[in-house]
Amino acid sequence: MADTQEKKQIILSGIQPTGTFTLGNYIGAIRNWVHLQEEYDCAYMIADMHSLTVRQEPAKLRQQILSAFAVLLACGVDPEKSLMFIQSHVYQHAELNWVLACNTQFGELSRMTQFKDKSAKHPENINAGLFTYPSLMAADILLYQANLVPVGVDQKQHLEITRDIAIRFNNNYGPTFTIPEPYIPEVGAKVMSLADPAKKMSKSDENQNAFITILDPPEVIIRKFKRAVTDSDMEIRYAEGKDGINNLMSIYSVLTGDSYETIERDFSGKGYGDFKLAVGEVVAEALRPIRENYDRVMKDKAYLEEVYRAGAQKAGYTAEKTMRKVYRKVGFLAK
Ligand code: ATP
Ligand code: LTN
């Protein structure tokens, strides 16, 4: 019976359409989005507004937004179970961003490591949006009153500032927002670059061999793993100082379900070459159905449009409810 059923907890997450998603995005975030949609009330968003914080080429961005949306569907995010939408289609994100930005301190934004990293990477374009990025992200989450936010570990700091902003707002204006918790996987929260295992695997890396994209064909995946940087030791074991091997082991472990002990036992006496090939094969196999689904979904533009339009409408309804409450709390006059 509907009225005796417990209300499901709400999940919201987003991903920027700044390039083809990597294996890191998949393992750290999207894969969990798919699992979580069975038990939670989920909303997943293409964060196109966030991607403007770095200069984008308009025609390419438009294509990437659609492609990113199709990749989510191809990975198994199901619009029958989850709300899927594109951030810029729901104008309340920009509205709440403003209110939250006025309740966020310069000092706390200055401490964000992503801001420091990205401004070092793009010294010619340290724009105000890059600086206030976390208040827009807080708006994304708080508009939907999310309880949980599944992300990779690099986003933990942004979740903490979101919580701080929400707690402060509730204290100043009375209960308004649900305080969200991060949901970060234990293994695979930070997949490292294959070229430099001290660095996070990132879709915007200039070195193509540093990352695997979700849409790479099997032979490319295997070639990239064969070239993955490891160490001069010979043993396949998870240990400090073996960043390259640790990274390969965690990828293998997440996708096969095997523990590190099992992997160490199964590959004892074998060389790095054998292990790299095995990891490449497991990844290629895991991504194969996604690539096939993607090719199919991308051909059906009418379906894509139908899903994102319906998503925008539904998201807008929830977002507007929160927005009306926020405007009332801060003292704006009702229309
Ligand atoms: P960019 O390189 O453009 O900064 P990105 O690859 O870091 O982008 P985002 O859109 O910023 O991707 O992140 C989307 C989601 O993927 C976030 O939840 C983030 O934590 C997760 N994620 C990104 N990179 C990794 C990684 N290497 N390992 C695990 N999770 C990751
Ligand atoms: N900043 C995130 C993308 C993002 C997001 C969100 C994640 C934008 N809005 C809301 C979770 C919830 C990133 O992954 N770089």
# chains A, B, ... in the order shown; residues from 1 in each chain; ligands from 1
>>> residues_near_ligand(ligand="ligand 2", cutoff="7 Å", atoms="only C-alpha atoms and all ligand atoms", output="ChimeraX atom specification")
/A:12-16,47,50,137-138,140-141,149-151,155
>>> residues_near_ligand(ligand="ligand 1", cutoff="8 Å", atoms="only C-alpha atoms and all ligand atoms", output="ChimeraX atom specification")
/A:13-19,21-30,47,51,150-156,188-193,200-205
>>> residues_around(residues="Ala228 (chain A)", least_positions_apart="5", cutoff="10 Å", atoms="only C-alpha atoms", output="ChimeraX atom specification")
/A:193-197,209-211,222-223,244-245,248,273,276
>>> write_last_selection(atoms="C-alpha atoms", output="PDB file, in the first residue's frame")
ATOM      1  CA  SER A 193      46.403   7.785 -14.473  1.00  0.00           C
ATOM      2  CA  LEU A 194      47.987   4.906 -16.408  1.00  0.00           C
ATOM      3  CA  ALA A 195      50.892   7.171 -17.405  1.00  0.00           C
ATOM      4  CA  ASP A 196      51.523   8.684 -13.970  1.00  0.00           C
ATOM      5  CA  PRO A 197      49.954   6.636 -11.173  1.00  0.00           C
ATOM      6  CA  ASN A 209      47.603   6.963 -22.916  1.00  0.00           C
ATOM      7  CA  ALA A 210      46.882   8.218 -19.394  1.00  0.00           C
ATOM      8  CA  PHE A 211      43.203   7.309 -19.491  1.00  0.00           C
ATOM      9  CA  ILE A 222      44.538  -3.560 -24.107  1.00  0.00           C
ATOM     10  CA  ARG A 223      47.280  -1.479 -25.733  1.00  0.00           C
ATOM     11  CA  GLY A 244      50.897   1.584 -10.607  1.00  0.00           C
ATOM     12  CA  ILE A 245      50.267  -2.011  -9.531  1.00  0.00           C
ATOM     13  CA  LEU A 248      45.701  -2.010 -11.664  1.00  0.00           C
ATOM     14  CA  GLY A 273      52.920  -8.328 -18.623  1.00  0.00           C
ATOM     15  CA  LYS A 276      48.413  -6.008 -17.421  1.00  0.00           C
TER      16      LYS A 276
END
>>> select_by_dssp(residues="region 62-266 of chain A", states="strand (DSSP E)", output="number ranges by chain")
A: 83-86, 148-150, 181-183
>>> select_by_dssp(residues="region 16-253 of chain A", states="alpha helix (DSSP H)", output="count of residues only")
109
>>> residues_around(residues="region 292-296 of chain A", least_positions_apart="5", cutoff="8 Å", atoms="only C-alpha atoms", output="number ranges by chain")
A: 70-71, 73-75
>>> residues_around(residues="region 251-257 of chain A", least_positions_apart="2", cutoff="7 Å", atoms="only C-alpha atoms", output="mmCIF file with N, CA, C and O atoms, in the first residue's frame")
data_model
loop_
_atom_site.group_PDB
_atom_site.id
_atom_site.type_symbol
_atom_site.label_atom_id
_atom_site.label_comp_id
_atom_site.auth_asym_id
_atom_site.auth_seq_id
_atom_site.Cartn_x
_atom_site.Cartn_y
_atom_site.Cartn_z
ATOM 1 N N VAL A 187 36.623 0.841 -2.783
ATOM 2 C CA VAL A 187 37.663 0.555 -3.774
ATOM 3 C C VAL A 187 37.261 1.265 -5.067
ATOM 4 O O VAL A 187 36.112 1.206 -5.471
ATOM 5 N N GLY A 188 38.223 1.956 -5.683
ATOM 6 C CA GLY A 188 37.930 2.607 -6.962
ATOM 7 C C GLY A 188 37.479 4.053 -6.822
ATOM 8 O O GLY A 188 37.067 4.668 -7.792
ATOM 9 N N ASN A 247 46.971 0.471 -8.474
ATOM 10 C CA ASN A 247 45.886 0.991 -9.311
ATOM 11 C C ASN A 247 45.297 -0.131 -10.181
ATOM 12 O O ASN A 247 44.083 -0.306 -10.252
ATOM 13 N N LEU A 248 46.184 -0.911 -10.807
ATOM 14 C CA LEU A 248 45.701 -2.010 -11.664
ATOM 15 C C LEU A 248 44.939 -3.039 -10.829
ATOM 16 O O LEU A 248 43.903 -3.561 -11.256
ATOM 17 N N MET A 249 45.440 -3.289 -9.616
ATOM 18 C CA MET A 249 44.758 -4.270 -8.761
ATOM 19 C C MET A 249 43.383 -3.775 -8.346
ATOM 20 O O MET A 249 42.428 -4.554 -8.293
ATOM 21 N N SER A 259 39.150 -10.270 -4.255
ATOM 22 C CA SER A 259 39.873 -9.482 -3.248
ATOM 23 C C SER A 259 41.344 -9.376 -3.660
ATOM 24 O O SER A 259 41.822 -10.129 -4.523
ATOM 25 N N TYR A 260 42.067 -8.448 -3.005
ATOM 26 C CA TYR A 260 43.502 -8.318 -3.307
ATOM 27 C C TYR A 260 44.241 -9.630 -3.025
ATOM 28 O O TYR A 260 45.133 -10.022 -3.772
ATOM 29 N N VAL A 279 44.149 -7.432 -16.845
ATOM 30 C CA VAL A 279 43.355 -6.252 -16.457
ATOM 31 C C VAL A 279 42.709 -5.647 -17.713
ATOM 32 O O VAL A 279 41.515 -5.335 -17.731
#
>>> closest_residue(among="A:Ile236, A:Leu66, A:Pro217, A:Asp274", to="Glu261 (chain A)", atoms="only C-alpha atoms")
A:Ile236
>>> residues_around(residues="region 106-113 of chain A", least_positions_apart="4", cutoff="10 Å", atoms="only C-alpha atoms", output="PyMOL selection string")
chain A and resi 101-102+117-119+130-135+154-155+157-158+161+164
>>> closest_residue(among="A:Ala59, A:Leu159, A:Leu52, A:Ala43", to="Asn127 (chain A)", atoms="only C-alpha atoms")
A:Leu52
>>> residues_around(residues="region 307-316 of chain A", least_positions_apart="4", cutoff="7 Å", atoms="only C-alpha atoms", output="count of residues only")
8
>>> atom_distance(atom1="CA of Phe225 (chain A)", atom2="CA of Gly280 (chain A)")
5.5 Å
>>> closest_residue(among="A:Ala319, A:Val34, A:Ala139, A:Val54", to="Glu124 (chain A)", atoms="only C-alpha atoms")
A:Val54
>>> decode(residues="region 155-181 of chain A", atoms="N, CA, C and O atoms", output="tab-separated table (two decimals), in the first residue's frame")
chain	number	residue	atom	x	y	z
A	155	GLN	N	35.74	14.65	-5.05
A	155	GLN	CA	34.63	15.59	-4.82
A	155	GLN	C	34.24	15.72	-3.35
A	155	GLN	O	33.30	16.44	-3.01
A	156	LYS	N	35.00	15.04	-2.47
A	156	LYS	CA	34.64	15.02	-1.04
A	156	LYS	C	34.61	16.44	-0.45
A	156	LYS	O	33.71	16.81	0.29
A	157	GLN	N	35.61	17.22	-0.82
A	157	GLN	CA	35.69	18.58	-0.28
A	157	GLN	C	34.48	19.43	-0.71
A	157	GLN	O	33.97	20.24	0.07
A	158	HIS	N	34.02	19.21	-1.96
A	158	HIS	CA	32.84	19.94	-2.42
A	158	HIS	C	31.57	19.50	-1.67
A	158	HIS	O	30.66	20.30	-1.47
A	159	LEU	N	31.55	18.26	-1.25
A	159	LEU	CA	30.41	17.78	-0.45
A	159	LEU	C	30.45	18.40	0.94
A	159	LEU	O	29.42	18.75	1.51
A	160	GLU	N	31.67	18.55	1.46
A	160	GLU	CA	31.79	19.14	2.80
A	160	GLU	C	31.34	20.60	2.80
A	160	GLU	O	30.61	21.03	3.69
A	161	ILE	N	31.72	21.33	1.77
A	161	ILE	CA	31.30	22.74	1.73
A	161	ILE	C	29.79	22.83	1.50
A	161	ILE	O	29.11	23.70	2.06
A	162	THR	N	29.23	21.89	0.73
A	162	THR	CA	27.77	21.86	0.53
A	162	THR	C	27.07	21.69	1.88
A	162	THR	O	26.09	22.38	2.19
A	163	ARG	N	27.59	20.77	2.66
A	163	ARG	CA	27.00	20.54	3.99
A	163	ARG	C	27.11	21.81	4.85
A	163	ARG	O	26.15	22.20	5.52
A	164	ASP	N	28.28	22.43	4.83
A	164	ASP	CA	28.48	23.66	5.63
A	164	ASP	C	27.50	24.75	5.21
A	164	ASP	O	26.91	25.43	6.04
A	165	ILE	N	27.34	24.90	3.88
A	165	ILE	CA	26.42	25.94	3.37
A	165	ILE	C	24.98	25.63	3.82
A	165	ILE	O	24.25	26.51	4.29
A	166	ALA	N	24.60	24.37	3.71
A	166	ALA	CA	23.22	23.97	4.06
A	166	ALA	C	22.96	24.16	5.56
A	166	ALA	O	21.92	24.69	5.96
A	167	ILE	N	23.94	23.75	6.37
A	167	ILE	CA	23.76	23.86	7.83
A	167	ILE	C	23.64	25.34	8.21
A	167	ILE	O	22.77	25.74	8.98
A	168	ARG	N	24.51	26.15	7.62
A	168	ARG	CA	24.49	27.58	7.93
A	168	ARG	C	23.16	28.22	7.50
A	168	ARG	O	22.56	29.00	8.24
A	169	PHE	N	22.71	27.85	6.32
A	169	PHE	CA	21.44	28.41	5.82
A	169	PHE	C	20.30	28.02	6.76
A	169	PHE	O	19.48	28.87	7.15
A	170	ASN	N	20.26	26.74	7.13
A	170	ASN	CA	19.19	26.27	8.03
A	170	ASN	C	19.24	27.01	9.37
A	170	ASN	O	18.21	27.33	9.95
A	171	ASN	N	20.45	27.27	9.86
A	171	ASN	CA	20.58	27.99	11.14
A	171	ASN	C	20.12	29.43	11.01
A	171	ASN	O	19.46	29.96	11.90
A	172	ASN	N	20.44	30.05	9.89
A	172	ASN	CA	20.09	31.46	9.72
A	172	ASN	C	18.63	31.68	9.39
A	172	ASN	O	18.04	32.68	9.81
A	173	TYR	N	18.05	30.79	8.59
A	173	TYR	CA	16.70	31.05	8.05
A	173	TYR	C	15.64	30.04	8.52
A	173	TYR	O	14.49	30.14	8.10
A	174	GLY	N	16.06	29.05	9.28
A	174	GLY	CA	15.11	28.00	9.69
A	174	GLY	C	15.24	26.81	8.74
A	174	GLY	O	15.76	26.95	7.63
A	175	PRO	N	14.77	25.62	9.20
A	175	PRO	CA	14.96	24.38	8.43
A	175	PRO	C	14.48	24.53	6.99
A	175	PRO	O	13.32	24.85	6.75
A	176	THR	N	15.39	24.33	6.04
A	176	THR	CA	15.07	24.48	4.62
A	176	THR	C	15.60	23.30	3.82
A	176	THR	O	14.91	22.74	2.98
A	177	PHE	N	16.87	22.94	4.10
A	177	PHE	CA	17.53	21.92	3.28
A	177	PHE	C	17.84	20.65	4.06
A	177	PHE	O	18.21	20.72	5.24
A	178	THR	N	17.76	19.52	3.37
A	178	THR	CA	18.28	18.26	3.90
A	178	THR	C	19.80	18.33	3.84
A	178	THR	O	20.35	18.83	2.85
A	179	ILE	N	20.47	17.84	4.88
A	179	ILE	CA	21.94	17.85	4.87
A	179	ILE	C	22.43	16.57	4.20
A	179	ILE	O	22.16	15.47	4.69
A	180	PRO	N	23.11	16.69	3.05
A	180	PRO	CA	23.50	15.49	2.29
A	180	PRO	C	24.78	14.83	2.83
A	180	PRO	O	25.61	15.48	3.45
A	181	GLU	N	24.89	13.54	2.55
A	181	GLU	CA	26.11	12.78	2.90
A	181	GLU	C	26.78	12.34	1.61
A	181	GLU	O	26.09	11.98	0.66
